[in-house]
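Take a look at the structure below.
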Amino acid sequence: MSAVSYKCPNCGGDLRFDPASQGYKCEYCASKFNQQELEAANPQASSDEEQSRNVSGTKPLGETAREDAGESGFDAESGALVYSCPSCGAEIVTDETTAATFCYYCHNPVVLKGKLSGEYRPDMVIPFAVDKKEAVDSFLQYVRSKKFVPKDFFCKEQIEKISGVYFPFWMYSCKAKGMWQGTGDMIRVYRMGDMEYTETKVFDVERRADFSFRQLMRNALNKENRQLVESVQPFLTESAKEFSMGYLSGFLAEKRDIEQKDVIGELEQEIKQHADGMMRASVSGYMAVRDASESVRIQEAQWKYLLLPVWVLTYRGSNGKLYYYAMNGQTKKVCGVLPLDKGRMAALFFSVFAPLFLLLLAGGYFLW
């Protein structure tokens, strides 16, 4: 089975991850379970997850997607993947990066386990610490602090569209050895009698240093709202857990489509520039410093593939433009570009600035 739902052992309802208790909650009988109880109550899902840990080998992204879809269906014309809902049997249509979603018909959460096996299985996940009610309250507080936002942005139907999504990230750590060589000038000006002398001493300067870079984050998903998701960093990585598919139940999730080779060049360049800058900044006491050469050798590189929690909301304005709002599902940090209601802006102008302009104009007329 490519789609998995976690069931309550008491009533058979669907279990969802509960950010408040950091456990699992049944939406029907309100029973609560921890990770061990979830796995014990859903042995098939646990068996599938254990099997996904043991899958080895690497394949191109397209090949992996088609193999996963072979069990459930692949629409070559649209590129969509089709799964069967384990609760009602209805078709679930997704794209290649969707890893967790909801059934359109029975609304039960499903995890598409084939997307998260083998090389695509995350190493870690930071579970949601903010539930939907908190996310909505924070969103309303953020929006109400902004003037000239369209009134329909506050409607219940719009706010209910807010979704919790796990986004894929690469986390990179490494050590580095650096060497910097240059020259430093010491200049002294003095007078002897009527003569002024300038004495210049040139010194060879060298710096050697060991560096440690930890937990550099890079987005691993090519989608339109990736920059907004990056803007709600940082995440508290000490709260990361070993990945389990259960954490995705009740949320949406995306699978990576950006690989290590696509970000390593940018990361290494950033590390080398930072290391070179720190060595250069340690040189002091000279009137002038000239660089000769520098080198930074990266060692002990470590990669982690993890999923990070973000609450997102999209809004299409009257001009057809799509607006994005995002909130860190752990720290509540928000970022977004909100639409402006030009009608409300015009109303403010005519109610405040226009009368003031007429008053000033009248005053100027009588003074004349």
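Ligands are numbered from 1 in the order shown, chains are lettered A, B, ... in the order of the structure tokens, and residues start at 1 in each chain.
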
Using DSSP assignments from the backbone, pull out every residue in region 195-360 of chain A that falls under strand (DSSP E or B) and give it to me as an mmCIF file with N, CA and C atoms, in the first residue's frame.
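Just written: selection_7.cif:
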```cif
data_model
loop_
_atom_site.group_PDB
_atom_site.id
_atom_site.type_symbol
_atom_site.label_atom_id
_atom_site.label_comp_id
_atom_site.auth_asym_id
_atom_site.auth_seq_id
_atom_site.Cartn_x
_atom_site.Cartn_y
_atom_site.Cartn_z
ATOM 1 N N MET A 195 64.408 68.503 7.498
ATOM 2 C CA MET A 195 64.021 67.408 6.600
ATOM 3 C C MET A 195 62.927 66.538 7.234
ATOM 4 N N GLU A 196 61.976 66.162 6.416
ATOM 5 C CA GLU A 196 60.917 65.233 6.848
ATOM 6 C C GLU A 196 61.166 63.879 6.193
ATOM 7 N N TYR A 197 61.137 62.849 7.018
ATOM 8 C CA TYR A 197 61.427 61.506 6.517
ATOM 9 C C TYR A 197 60.190 60.601 6.691
ATOM 10 N N THR A 198 60.050 59.702 5.764
ATOM 11 C CA THR A 198 58.998 58.678 5.839
ATOM 12 C C THR A 198 59.664 57.307 5.818
ATOM 13 N N GLU A 199 59.413 56.570 6.881
ATOM 14 C CA GLU A 199 60.007 55.234 7.006
ATOM 15 C C GLU A 199 58.895 54.184 6.821
ATOM 16 N N THR A 200 59.093 53.279 5.889
ATOM 17 C CA THR A 200 58.108 52.232 5.624
ATOM 18 C C THR A 200 58.734 50.869 5.874
ATOM 19 N N LYS A 201 58.125 50.121 6.752
ATOM 20 C CA LYS A 201 58.557 48.747 7.010
ATOM 21 C C LYS A 201 57.480 47.790 6.508
ATOM 22 N N VAL A 202 57.919 46.791 5.777
ATOM 23 C CA VAL A 202 56.992 45.806 5.210
ATOM 24 C C VAL A 202 57.192 44.463 5.908
ATOM 25 N N PHE A 203 56.097 43.901 6.428
ATOM 26 C CA PHE A 203 56.152 42.642 7.165
ATOM 27 C C PHE A 203 55.354 41.564 6.415
ATOM 28 N N ASP A 204 55.888 40.366 6.435
ATOM 29 C CA ASP A 204 55.105 39.223 5.965
ATOM 30 C C ASP A 204 54.151 38.800 7.084
ATOM 31 N N VAL A 205 52.899 38.633 6.739
ATOM 32 C CA VAL A 205 51.877 38.283 7.728
ATOM 33 C C VAL A 205 51.233 36.961 7.310
ATOM 34 N N GLU A 206 51.029 36.078 8.291
ATOM 35 C CA GLU A 206 50.404 34.791 7.990
ATOM 36 C C GLU A 206 49.409 34.434 9.084
ATOM 37 N N ARG A 207 48.317 33.851 8.682
ATOM 38 C CA ARG A 207 47.317 33.370 9.623
ATOM 39 C C ARG A 207 46.917 31.950 9.240
ATOM 40 N N ARG A 208 46.844 31.084 10.235
ATOM 41 C CA ARG A 208 46.332 29.727 10.059
ATOM 42 C C ARG A 208 45.218 29.511 11.075
ATOM 43 N N ALA A 209 44.159 28.855 10.666
ATOM 44 C CA ALA A 209 43.020 28.703 11.579
ATOM 45 C C ALA A 209 42.246 27.435 11.259
ATOM 46 N N ASP A 210 41.620 26.887 12.300
ATOM 47 C CA ASP A 210 40.695 25.761 12.159
ATOM 48 C C ASP A 210 39.287 26.285 12.415
ATOM 49 N N PHE A 211 38.362 25.902 11.562
ATOM 50 C CA PHE A 211 36.983 26.372 11.652
ATOM 51 C C PHE A 211 36.028 25.195 11.800
ATOM 52 N N SER A 212 34.893 25.491 12.412
ATOM 53 C CA SER A 212 33.818 24.510 12.502
ATOM 54 C C SER A 212 32.517 25.214 12.131
ATOM 55 N N PHE A 213 31.856 24.741 11.086
ATOM 56 C CA PHE A 213 30.590 25.305 10.643
ATOM 57 C C PHE A 213 29.489 24.274 10.901
ATOM 58 N N ARG A 214 28.429 24.697 11.565
ATOM 59 C CA ARG A 214 27.385 23.773 11.966
ATOM 60 C C ARG A 214 26.015 24.233 11.475
ATOM 61 N N GLN A 215 25.275 23.277 10.970
ATOM 62 C CA GLN A 215 23.844 23.424 10.682
ATOM 63 C C GLN A 215 23.535 24.593 9.743
ATOM 64 N N LEU A 216 24.239 24.623 8.612
ATOM 65 C CA LEU A 216 23.902 25.572 7.556
ATOM 66 C C LEU A 216 22.718 25.016 6.770
ATOM 67 N N MET A 217 21.649 25.799 6.652
ATOM 68 C CA MET A 217 20.406 25.320 6.044
ATOM 69 C C MET A 217 20.285 25.762 4.597
ATOM 70 N N ARG A 218 19.755 24.848 3.772
ATOM 71 C CA ARG A 218 19.428 25.179 2.389
ATOM 72 C C ARG A 218 18.094 24.526 2.014
ATOM 73 N N ASN A 219 17.220 25.313 1.408
ATOM 74 C CA ASN A 219 15.933 24.797 0.956
ATOM 75 C C ASN A 219 16.146 23.698 -0.081
ATOM 76 N N LYS A 241 13.656 15.493 15.835
ATOM 77 C CA LYS A 241 13.451 14.102 16.211
ATOM 78 C C LYS A 241 13.865 13.197 15.054
ATOM 79 N N GLU A 242 14.174 11.951 15.404
ATOM 80 C CA GLU A 242 14.391 10.967 14.351
ATOM 81 C C GLU A 242 13.105 10.848 13.549
ATOM 82 N N LEU A 252 0.365 18.533 5.665
ATOM 83 C CA LEU A 252 0.891 18.331 4.328
ATOM 84 C C LEU A 252 2.401 18.209 4.419
ATOM 85 N N ALA A 253 3.009 17.586 3.443
ATOM 86 C CA ALA A 253 4.465 17.456 3.432
ATOM 87 C C ALA A 253 4.957 17.391 2.002
ATOM 88 N N GLU A 254 6.157 17.908 1.791
ATOM 89 C CA GLU A 254 6.770 17.909 0.470
ATOM 90 C C GLU A 254 8.059 17.096 0.498
ATOM 91 N N ALA A 288 48.566 49.568 6.429
ATOM 92 C CA ALA A 288 47.944 49.019 5.225
ATOM 93 C C ALA A 288 48.231 47.531 5.174
ATOM 94 N N VAL A 289 47.286 46.770 4.664
ATOM 95 C CA VAL A 289 47.431 45.316 4.547
ATOM 96 C C VAL A 289 47.103 44.930 3.103
ATOM 97 N N ARG A 290 47.994 44.138 2.509
ATOM 98 C CA ARG A 290 47.773 43.679 1.138
ATOM 99 C C ARG A 290 47.693 42.159 1.142
ATOM 100 N N ASP A 291 46.663 41.643 0.504
ATOM 101 C CA ASP A 291 46.496 40.190 0.423
ATOM 102 C C ASP A 291 47.462 39.610 -0.599
ATOM 103 N N ALA A 292 47.969 38.433 -0.273
ATOM 104 C CA ALA A 292 48.830 37.721 -1.224
ATOM 105 C C ALA A 292 48.131 36.449 -1.686
ATOM 106 N N SER A 293 47.686 35.634 -0.737
ATOM 107 C CA SER A 293 47.004 34.390 -1.088
ATOM 108 C C SER A 293 46.216 33.888 0.100
ATOM 109 N N GLU A 294 45.220 33.067 -0.172
ATOM 110 C CA GLU A 294 44.450 32.429 0.887
ATOM 111 C C GLU A 294 43.958 31.091 0.372
ATOM 112 N N SER A 295 43.753 30.184 1.300
ATOM 113 C CA SER A 295 43.211 28.879 0.936
ATOM 114 C C SER A 295 42.386 28.354 2.101
ATOM 115 N N VAL A 296 41.270 27.694 1.774
ATOM 116 C CA VAL A 296 40.403 27.082 2.782
ATOM 117 C C VAL A 296 40.102 25.669 2.302
ATOM 118 N N ARG A 297 40.450 24.702 3.123
ATOM 119 C CA ARG A 297 40.223 23.304 2.773
ATOM 120 C C ARG A 297 39.129 22.733 3.663
ATOM 121 N N ILE A 298 38.033 22.277 3.045
ATOM 122 C CA ILE A 298 36.878 21.765 3.780
ATOM 123 C C ILE A 298 37.076 20.282 4.087
ATOM 124 N N GLN A 299 36.752 19.897 5.327
ATOM 125 C CA GLN A 299 36.926 18.516 5.769
ATOM 126 C C GLN A 299 35.685 18.066 6.541
ATOM 127 N N GLU A 300 35.521 16.762 6.643
ATOM 128 C CA GLU A 300 34.490 16.143 7.479
ATOM 129 C C GLU A 300 33.095 16.716 7.223
ATOM 130 N N ALA A 301 32.747 16.808 5.961
ATOM 131 C CA ALA A 301 31.415 17.316 5.606
ATOM 132 C C ALA A 301 30.337 16.310 6.013
ATOM 133 N N GLN A 302 29.257 16.812 6.588
ATOM 134 C CA GLN A 302 28.139 15.978 7.008
ATOM 135 C C GLN A 302 26.831 16.595 6.498
ATOM 136 N N TRP A 303 25.978 15.733 5.955
ATOM 137 C CA TRP A 303 24.684 16.168 5.444
ATOM 138 C C TRP A 303 23.564 15.534 6.261
ATOM 139 N N LYS A 304 22.517 16.311 6.495
ATOM 140 C CA LYS A 304 21.282 15.797 7.071
ATOM 141 C C LYS A 304 20.114 16.297 6.222
ATOM 142 N N TYR A 305 19.205 15.389 5.959
ATOM 143 C CA TYR A 305 17.994 15.732 5.209
ATOM 144 C C TYR A 305 16.845 15.769 6.212
ATOM 145 N N LEU A 306 16.194 16.925 6.369
ATOM 146 C CA LEU A 306 15.169 17.035 7.392
ATOM 147 C C LEU A 306 13.957 17.822 6.886
ATOM 148 N N LEU A 307 12.844 17.628 7.588
ATOM 149 C CA LEU A 307 11.595 18.317 7.281
ATOM 150 C C LEU A 307 11.325 19.358 8.367
ATOM 151 N N LEU A 308 10.965 20.573 7.944
ATOM 152 C CA LEU A 308 10.738 21.680 8.870
ATOM 153 C C LEU A 308 9.288 22.153 8.783
ATOM 154 N N PRO A 309 8.685 22.522 9.938
ATOM 155 C CA PRO A 309 7.248 22.858 9.970
ATOM 156 C C PRO A 309 6.962 24.323 9.657
ATOM 157 N N VAL A 310 6.053 24.568 8.719
ATOM 158 C CA VAL A 310 5.683 25.934 8.351
ATOM 159 C C VAL A 310 4.171 25.990 8.107
ATOM 160 N N TRP A 311 3.530 26.993 8.686
ATOM 161 C CA TRP A 311 2.121 27.277 8.374
ATOM 162 C C TRP A 311 2.089 28.247 7.206
ATOM 163 N N VAL A 312 1.338 27.930 6.168
ATOM 164 C CA VAL A 312 1.299 28.772 4.978
ATOM 165 C C VAL A 312 -0.139 29.099 4.595
ATOM 166 N N LEU A 313 -0.300 30.263 3.976
ATOM 167 C CA LEU A 313 -1.600 30.701 3.481
ATOM 168 C C LEU A 313 -1.375 31.446 2.180
ATOM 169 N N THR A 314 -2.179 31.157 1.179
ATOM 170 C CA THR A 314 -2.103 31.879 -0.089
ATOM 171 C C THR A 314 -3.382 32.664 -0.298
ATOM 172 N N TYR A 315 -3.258 33.786 -0.967
ATOM 173 C CA TYR A 315 -4.396 34.660 -1.190
ATOM 174 C C TYR A 315 -4.264 35.287 -2.575
ATOM 175 N N ARG A 316 -5.287 35.171 -3.369
ATOM 176 C CA ARG A 316 -5.266 35.770 -4.705
ATOM 177 C C ARG A 316 -6.035 37.089 -4.653
ATOM 178 N N LEU A 322 -0.946 36.500 -6.759
ATOM 179 C CA LEU A 322 -0.995 35.532 -5.667
ATOM 180 C C LEU A 322 -0.064 35.986 -4.548
ATOM 181 N N TYR A 323 -0.611 36.094 -3.341
ATOM 182 C CA TYR A 323 0.151 36.531 -2.173
ATOM 183 C C TYR A 323 0.407 35.329 -1.263
ATOM 184 N N TYR A 324 1.568 35.339 -0.600
ATOM 185 C CA TYR A 324 1.927 34.248 0.307
ATOM 186 C C TYR A 324 2.156 34.789 1.716
ATOM 187 N N TYR A 325 1.751 33.982 2.684
ATOM 188 C CA TYR A 325 2.025 34.264 4.099
ATOM 189 C C TYR A 325 2.583 32.987 4.702
ATOM 190 N N ALA A 326 3.607 33.108 5.526
ATOM 191 C CA ALA A 326 4.202 31.926 6.155
ATOM 192 C C ALA A 326 4.512 32.225 7.614
ATOM 193 N N MET A 327 4.389 31.185 8.458
ATOM 194 C CA MET A 327 4.729 31.298 9.866
ATOM 195 C C MET A 327 5.517 30.065 10.286
ATOM 196 N N ASN A 328 6.609 30.273 10.975
ATOM 197 C CA ASN A 328 7.409 29.188 11.513
ATOM 198 C C ASN A 328 6.542 28.374 12.469
ATOM 199 N N VAL A 334 6.909 35.220 11.579
ATOM 200 C CA VAL A 334 6.047 35.347 10.406
ATOM 201 C C VAL A 334 6.717 36.172 9.318
ATOM 202 N N CYS A 335 6.269 35.947 8.113
ATOM 203 C CA CYS A 335 6.724 36.730 6.969
ATOM 204 C C CYS A 335 5.646 36.652 5.902
ATOM 205 N N GLY A 336 5.452 37.737 5.200
ATOM 206 C CA GLY A 336 4.462 37.703 4.139
ATOM 207 C C GLY A 336 4.289 39.060 3.496
#
```

Can you write out as CSV which residues of region 74-135 of chain A fall within 10 Å of region 4-13 of chain A, alongside each residue's closest atom pair and its distance in Å to one decimal, counting only C-alpha atoms and ordering rows by chain and ascending residue number?
```
residue,atom,partner,partner_atom,distance
A:Ser84,CA,A:Val4,CA,9.7
A:Cys85,CA,A:Val4,CA,8.1
A:Pro86,CA,A:Val4,CA,6.5
A:Ser87,CA,A:Ser5,CA,7.3
A:Ala100,CA,A:Val4,CA,9.3
A:Phe102,CA,A:Ser5,CA,9.9
A:Asn108,CA,A:Ser5,CA,7.7
A:Pro109,CA,A:Ser5,CA,6.4
A:Val110,CA,A:Ser5,CA,5.0
A:Val111,CA,A:Val4,CA,5.1
A:Leu112,CA,A:Val4,CA,6.4
A:Lys113,CA,A:Val4,CA,6.8
A:Gly114,CA,A:Val4,CA,9.8
```

Keeping only C-alpha atoms, write those residues as a compact mmCIF listing (two decimals), in the first residue's frame.
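What ended up in part-v9.txt:
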```
# COMPACT_ATOMS: atom_id res chain seq x y z
CA SER A 84 -5.84 5.08 -3.35
CA CYS A 85 -7.11 6.40 -0.02
CA PRO A 86 -6.72 3.62 2.59
CA SER A 87 -9.88 4.85 4.38
CA ALA A 100 1.59 13.83 2.86
CA PHE A 102 -5.62 14.72 2.77
CA ASN A 108 -8.67 11.79 6.32
CA PRO A 109 -4.91 12.45 6.49
CA VAL A 110 -2.73 10.14 4.41
CA VAL A 111 1.04 9.73 4.21
CA LEU A 112 2.45 8.66 0.86
CA LYS A 113 5.15 6.38 2.16
CA GLY A 114 6.71 5.64 -1.23
```

Enumerate the residues of region 106-319 of chain A with a DSSP assignment of helix (DSSP H, G or I), computed from the backbone, and present them as a VMD selection string.
-> chain A and resid 113 to 116 118 to 120 132 to 144 151 to 154 156 to 159 226 to 230 237 to 239 245 to 248 260 to 281

So that I have them on file, write out the residues from the current selection with C-alpha atoms, as a short mmCIF file (atom, residue, chain, number, x, y, z; two decimals), in the first residue's frame.
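Written file, selection_13.cif:
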```cif
data_model
loop_
_atom_site.label_atom_id
_atom_site.label_comp_id
_atom_site.auth_asym_id
_atom_site.auth_seq_id
_atom_site.Cartn_x
_atom_site.Cartn_y
_atom_site.Cartn_z
CA LYS A 113 5.15 6.38 2.16
CA GLY A 114 6.71 5.64 -1.23
CA LYS A 115 7.87 9.26 -1.38
CA LEU A 116 9.86 8.91 1.84
CA GLY A 118 15.38 4.86 0.64
CA GLU A 119 17.46 7.90 -0.25
CA TYR A 120 14.38 10.12 0.04
CA LYS A 132 -3.86 25.48 13.83
CA LYS A 133 -5.74 27.62 16.37
CA GLU A 134 -2.51 29.30 17.48
CA ALA A 135 -1.49 29.76 13.86
CA VAL A 136 -4.81 31.45 13.02
CA ASP A 137 -4.63 33.71 16.10
CA SER A 138 -1.07 34.76 15.23
CA PHE A 139 -2.07 35.35 11.62
CA LEU A 140 -5.00 37.58 12.62
CA GLN A 141 -2.79 39.55 15.01
CA TYR A 142 -0.27 40.05 12.22
CA VAL A 143 -2.85 41.11 9.64
CA ARG A 144 -4.79 43.43 11.95
CA LYS A 151 -11.70 43.07 4.38
CA ASP A 152 -12.24 39.68 2.75
CA PHE A 153 -8.78 38.73 3.97
CA PHE A 154 -10.36 38.45 7.43
CA LYS A 156 -13.44 32.77 8.03
CA GLU A 157 -13.36 30.92 4.71
CA GLN A 158 -10.07 32.59 3.79
CA ILE A 159 -8.40 31.98 7.15
CA ARG A 226 10.42 28.72 -1.31
CA GLN A 227 11.86 32.18 -0.57
CA LEU A 228 9.04 32.94 1.87
CA VAL A 229 9.65 29.65 3.65
CA GLU A 230 13.36 30.46 3.96
CA THR A 237 17.31 22.19 15.54
CA GLU A 238 17.87 20.84 19.06
CA SER A 239 14.16 19.93 18.97
CA MET A 245 5.95 9.09 9.18
CA GLY A 246 3.52 9.54 12.07
CA TYR A 247 4.64 13.15 12.55
CA LEU A 248 3.19 13.94 9.11
CA GLN A 260 23.24 17.97 -2.56
CA LYS A 261 25.12 18.61 -5.79
CA ASP A 262 22.80 21.53 -6.52
CA VAL A 263 23.69 23.42 -3.31
CA ILE A 264 27.23 22.31 -2.45
CA GLY A 265 28.91 24.93 -4.65
CA GLU A 266 27.04 27.80 -2.99
CA LEU A 267 27.70 26.39 0.49
CA GLU A 268 31.43 25.93 -0.06
CA GLN A 269 31.74 29.42 -1.53
CA GLU A 270 29.94 30.89 1.49
CA ILE A 271 32.17 28.95 3.90
CA LYS A 272 35.39 30.01 2.14
CA GLN A 273 34.36 33.67 2.05
CA HIS A 274 33.44 33.63 5.73
CA ALA A 275 36.67 31.86 6.75
CA ASP A 276 38.80 34.21 4.65
CA GLY A 277 37.03 37.22 6.12
CA MET A 278 37.65 36.06 9.71
CA MET A 279 41.37 35.45 9.05
CA ARG A 280 41.69 38.81 7.33
CA ALA A 281 39.87 40.57 10.20
#
```

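Considering only C-alpha atoms, the residue among A:Ala3, A:Val125, A:Ala41, A:Ala220 positioned nearest to Ala99 (chain A) is A:Ala3.
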
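Considering the residues A:Gly89, A:Pro19, A:Gly329, A:Pro43 and counting only C-alpha atoms, Val232 (chain A) has its shortest atom-to-atom contact with A:Gly329.
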
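Between CA of Ser163 (chain A) and CA of Asn42 (chain A) lies a distance of 25.6 Å.
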
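Interatomic distance, CA of Gln330 (chain A) against CA of Val130 (chain A): 6.0 Å.
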